[in-house]
Amino acid sequence: MKFDESFWDERYRQHGSVWSRNPNPNLLAEAAGLRPGSALDVGSGEGADAIWLARQGWRVTAVDISSVALGRAAERASQDAEAAGRITWAHNDLTASPPPGGTFDLVSAQFMHLPLAQRTELYHRLAASVAPGGTLLIVGHHPSDLEAGIRRPSEPGLLFTPEEIAAGLDPDEWEIDVCEARRRSVPDADGGSVTVTDSVLRAHRRAPRP
């Protein structure tokens with residue numbers, strides 16, 4: 001299956017809301033203690049993460065491949081004029097057009113699942129876009145979720161461990177702050193709950209030595 005612009009536009013058109021209106025829990029856990037600056041929200045979807053970051057004082061560039069999702073996100077953000085004024089909504093495919101290098105104090109990619117080669121290249125570009133002293137936060141579904149009884153992408157290589165992502169960062173340039181398989185409970189299709197595991201990688205880019 002090709003997860004391109006037409007795929008995502010159609011998915012958003014078919015549903016009044018694809019995701020919850022709540023920011024991702026690992027973003028809250030890992031970014032709450034950071035000093036607000038400039039943030040890149042990758043795959044911003046319907047805007048919950050970008051709106052939360054803006055409300056914390058971040059200046060957010062929210063990027064998504066789907067113009068339908070961005071329109072919906074901007075409409076939701078408009079209900080909070082102060083937050084909306086801190087967000088720039090950008091229609092872009094970052095796998096084809098990378099973000100500028102060394103720019104953002106926080107780069108957050110939540111549940112961006114791509115084939116291995118494409119993902120490796122994208123995450124390399126995202127890391128390069130973090131400013132010295134800034135933070136890279138990558139969260140995704142852990143491969144163990146394939147056995148958890150919950151719907152997950154099953155194509156080989158789409159899910160990843162945090163160690164896989166950490167291995168792609170130059171240790172001379174990056175300090176790993178969190179590299180964790182983090183468990184949480186989510187609702188299942190039968191009205192109960194199921195335990196899932198998130199791959200959480202947070203690292204900061206070392207500032208140049210004087």
# chains A, B, ... in the order shown; residues from 1 in each chain; ligands from 1
call {"tool": "select_by_dssp", "arguments": {"residues": "stretch 112-174 of chain A", "states": "strand (DSSP E or B)", "output": "list in words"}}
result
Val130, Ala131, Pro132, Gly133, Gly134, Thr135, Leu136, Leu137, Ile138, Val139, Gly140, His141 and Trp174 of chain A
call {"tool": "write_last_selection", "arguments": {"atoms": "N, CA and C atoms", "output": "PDB file, in the first residue's frame"}}
result
ATOM      1  N   VAL A 130      17.465  19.741  13.468  1.00  0.00           N
ATOM      2  CA  VAL A 130      17.492  20.176  14.868  1.00  0.00           C
ATOM      3  C   VAL A 130      18.653  21.149  15.072  1.00  0.00           C
ATOM      4  N   ALA A 131      18.369  22.254  15.739  1.00  0.00           N
ATOM      5  CA  ALA A 131      19.412  23.238  16.039  1.00  0.00           C
ATOM      6  C   ALA A 131      20.339  22.709  17.130  1.00  0.00           C
ATOM      7  N   PRO A 132      21.584  23.177  17.189  1.00  0.00           N
ATOM      8  CA  PRO A 132      22.473  22.800  18.300  1.00  0.00           C
ATOM      9  C   PRO A 132      21.804  23.097  19.644  1.00  0.00           C
ATOM     10  N   GLY A 133      21.828  22.108  20.541  1.00  0.00           N
ATOM     11  CA  GLY A 133      21.158  22.237  21.823  1.00  0.00           C
ATOM     12  C   GLY A 133      19.699  21.849  21.790  1.00  0.00           C
ATOM     13  N   GLY A 134      19.162  21.595  20.596  1.00  0.00           N
ATOM     14  CA  GLY A 134      17.747  21.268  20.439  1.00  0.00           C
ATOM     15  C   GLY A 134      17.461  19.794  20.646  1.00  0.00           C
ATOM     16  N   THR A 135      16.169  19.449  20.581  1.00  0.00           N
ATOM     17  CA  THR A 135      15.681  18.116  20.930  1.00  0.00           C
ATOM     18  C   THR A 135      15.024  17.437  19.737  1.00  0.00           C
ATOM     19  N   LEU A 136      15.334  16.173  19.569  1.00  0.00           N
ATOM     20  CA  LEU A 136      14.669  15.300  18.606  1.00  0.00           C
ATOM     21  C   LEU A 136      13.808  14.315  19.379  1.00  0.00           C
ATOM     22  N   LEU A 137      12.525  14.263  19.042  1.00  0.00           N
ATOM     23  CA  LEU A 137      11.604  13.334  19.694  1.00  0.00           C
ATOM     24  C   LEU A 137      10.923  12.493  18.627  1.00  0.00           C
ATOM     25  N   ILE A 138      11.175  11.183  18.669  1.00  0.00           N
ATOM     26  CA  ILE A 138      10.566  10.259  17.720  1.00  0.00           C
ATOM     27  C   ILE A 138       9.824   9.183  18.495  1.00  0.00           C
ATOM     28  N   VAL A 139       8.556   8.998  18.155  1.00  0.00           N
ATOM     29  CA  VAL A 139       7.708   8.014  18.815  1.00  0.00           C
ATOM     30  C   VAL A 139       7.013   7.175  17.752  1.00  0.00           C
ATOM     31  N   GLY A 140       6.949   5.874  17.993  1.00  0.00           N
ATOM     32  CA  GLY A 140       6.264   5.011  17.041  1.00  0.00           C
ATOM     33  C   GLY A 140       5.744   3.752  17.709  1.00  0.00           C
ATOM     34  N   HIS A 141       5.030   2.952  16.947  1.00  0.00           N
ATOM     35  CA  HIS A 141       4.533   1.677  17.448  1.00  0.00           C
ATOM     36  C   HIS A 141       5.688   0.676  17.511  1.00  0.00           C
ATOM     37  N   TRP A 174      25.177  13.641  19.303  1.00  0.00           N
ATOM     38  CA  TRP A 174      23.908  13.504  20.004  1.00  0.00           C
ATOM     39  C   TRP A 174      24.076  12.859  21.372  1.00  0.00           C
TER      40      TRP A 174
END
call {"tool": "select_by_dssp", "arguments": {"residues": "stretch 4-185 of chain A", "states": "helix (DSSP H, G or I)", "output": "number ranges by chain"}}
result
A: 5-14, 25-31, 48-55, 67-77, 81-84, 116-128, 143-147, 162-167
call {"tool": "residues_around", "arguments": {"residues": "stretch 105-119 of chain A", "least_positions_apart": "6", "cutoff": "9 Å", "atoms": "only C-alpha atoms", "output": "MDAnalysis selection string"}}
result
chainID A and resid 3 24 26:27 31 34:44 95 126:127 129:141 153 155:160 204
call {"tool": "residues_around", "arguments": {"residues": "stretch 45-54 of chain A", "least_positions_apart": "2", "cutoff": "10 Å", "atoms": "only C-alpha atoms", "output": "MDAnalysis selection string"}}
result
chainID A and resid 8 12 17:25 27:28 31:32 36:43 56:78 80 82:89 108 110
call {"tool": "write_last_selection", "arguments": {"atoms": "C-alpha atoms", "output": "PDB file, in the first residue's frame"}}
result
ATOM      1  CA  TRP A   8      -4.283  10.413   3.348  1.00  0.00           C
ATOM      2  CA  TYR A  12      -9.473  12.217   6.177  1.00  0.00           C
ATOM      3  CA  SER A  17     -12.172  12.903  12.875  1.00  0.00           C
ATOM      4  CA  VAL A  18      -9.434  10.337  12.275  1.00  0.00           C
ATOM      5  CA  TRP A  19      -7.532  10.934  15.510  1.00  0.00           C
ATOM      6  CA  SER A  20      -8.562  12.060  18.967  1.00  0.00           C
ATOM      7  CA  ARG A  21      -8.378  15.767  19.672  1.00  0.00           C
ATOM      8  CA  ASN A  22      -5.840  15.057  22.417  1.00  0.00           C
ATOM      9  CA  PRO A  23      -2.094  15.568  21.960  1.00  0.00           C
ATOM     10  CA  ASN A  24       0.014  12.436  21.916  1.00  0.00           C
ATOM     11  CA  PRO A  25       0.802  11.364  25.503  1.00  0.00           C
ATOM     12  CA  LEU A  27       4.758  14.442  23.528  1.00  0.00           C
ATOM     13  CA  LEU A  28       3.277  15.693  26.791  1.00  0.00           C
ATOM     14  CA  ALA A  31       8.231  18.097  25.910  1.00  0.00           C
ATOM     15  CA  ALA A  32       6.530  19.507  29.008  1.00  0.00           C
ATOM     16  CA  PRO A  36       9.666  26.771  24.348  1.00  0.00           C
ATOM     17  CA  GLY A  37      11.289  27.874  21.130  1.00  0.00           C
ATOM     18  CA  SER A  38      10.768  26.840  17.518  1.00  0.00           C
ATOM     19  CA  ALA A  39       9.189  23.423  16.873  1.00  0.00           C
ATOM     20  CA  LEU A  40       8.632  21.248  13.829  1.00  0.00           C
ATOM     21  CA  ASP A  41       5.601  18.965  14.121  1.00  0.00           C
ATOM     22  CA  VAL A  42       6.049  16.250  11.503  1.00  0.00           C
ATOM     23  CA  GLY A  43       2.897  14.606  10.166  1.00  0.00           C
ATOM     24  CA  GLN A  56       2.872  26.101  25.785  1.00  0.00           C
ATOM     25  CA  GLY A  57       4.529  29.007  23.991  1.00  0.00           C
ATOM     26  CA  TRP A  58       6.236  27.220  21.090  1.00  0.00           C
ATOM     27  CA  ARG A  59       6.365  28.714  17.598  1.00  0.00           C
ATOM     28  CA  VAL A  60       5.257  25.715  15.549  1.00  0.00           C
ATOM     29  CA  THR A  61       5.713  24.729  11.937  1.00  0.00           C
ATOM     30  CA  ALA A  62       3.136  21.961  11.462  1.00  0.00           C
ATOM     31  CA  VAL A  63       3.773  19.878   8.352  1.00  0.00           C
ATOM     32  CA  ASP A  64       1.522  17.285   6.757  1.00  0.00           C
ATOM     33  CA  ILE A  65       1.208  15.632   3.368  1.00  0.00           C
ATOM     34  CA  SER A  66      -2.601  15.999   3.444  1.00  0.00           C
ATOM     35  CA  SER A  67      -4.179  19.361   2.657  1.00  0.00           C
ATOM     36  CA  VAL A  68      -7.465  17.975   4.013  1.00  0.00           C
ATOM     37  CA  ALA A  69      -5.882  17.329   7.418  1.00  0.00           C
ATOM     38  CA  LEU A  70      -4.220  20.743   7.466  1.00  0.00           C
ATOM     39  CA  GLY A  71      -7.500  22.494   6.689  1.00  0.00           C
ATOM     40  CA  ARG A  72      -9.195  20.662   9.519  1.00  0.00           C
ATOM     41  CA  ALA A  73      -6.303  21.430  11.881  1.00  0.00           C
ATOM     42  CA  ALA A  74      -6.315  25.136  11.046  1.00  0.00           C
ATOM     43  CA  GLU A  75     -10.058  25.301  11.650  1.00  0.00           C
ATOM     44  CA  ARG A  76      -9.657  23.702  15.074  1.00  0.00           C
ATOM     45  CA  ALA A  77      -6.762  25.981  15.965  1.00  0.00           C
ATOM     46  CA  SER A  78      -8.820  29.046  15.027  1.00  0.00           C
ATOM     47  CA  ASP A  80      -7.795  29.684  20.138  1.00  0.00           C
ATOM     48  CA  GLU A  82      -3.416  33.135  20.583  1.00  0.00           C
ATOM     49  CA  ALA A  83      -2.305  29.573  19.841  1.00  0.00           C
ATOM     50  CA  ALA A  84      -3.273  29.840  16.169  1.00  0.00           C
ATOM     51  CA  GLY A  85      -0.996  32.855  15.839  1.00  0.00           C
ATOM     52  CA  ARG A  86       2.000  30.725  16.789  1.00  0.00           C
ATOM     53  CA  ILE A  87       1.361  27.993  14.189  1.00  0.00           C
ATOM     54  CA  THR A  88       2.356  27.907  10.533  1.00  0.00           C
ATOM     55  CA  TRP A  89       0.557  25.132   8.641  1.00  0.00           C
ATOM     56  CA  SER A 108       8.679  15.879  16.937  1.00  0.00           C
ATOM     57  CA  GLN A 110       4.824  10.919  16.263  1.00  0.00           C
TER      58      GLN A 110
END
call {"tool": "atom_distance", "arguments": {"atom1": "atom CA of A:Pro162", "atom2": "atom CA of A:Asp145"}}
result
13.8 Å
call {"tool": "residues_around", "arguments": {"residues": "stretch 177-188 of chain A", "least_positions_apart": "2", "cutoff": "8 Å", "atoms": "only C-alpha atoms", "output": "list of chain:residue names"}}
result
A:His142, A:Ile150, A:Thr161, A:Pro162, A:Glu163, A:Ala166, A:Glu175, A:Asp190, A:Gly191, A:Gly192, A:Ser193, A:Val194, A:Thr195, A:Val196, A:Thr197, A:Asp198, A:Ser199, A:Val200, A:Leu201, A:Arg202, A:Ala203, A:His204
call {"tool": "atom_distance", "arguments": {"atom1": "atom CA of A:Arg125", "atom2": "atom CA of A:Asp93"}}
result
12.3 Å
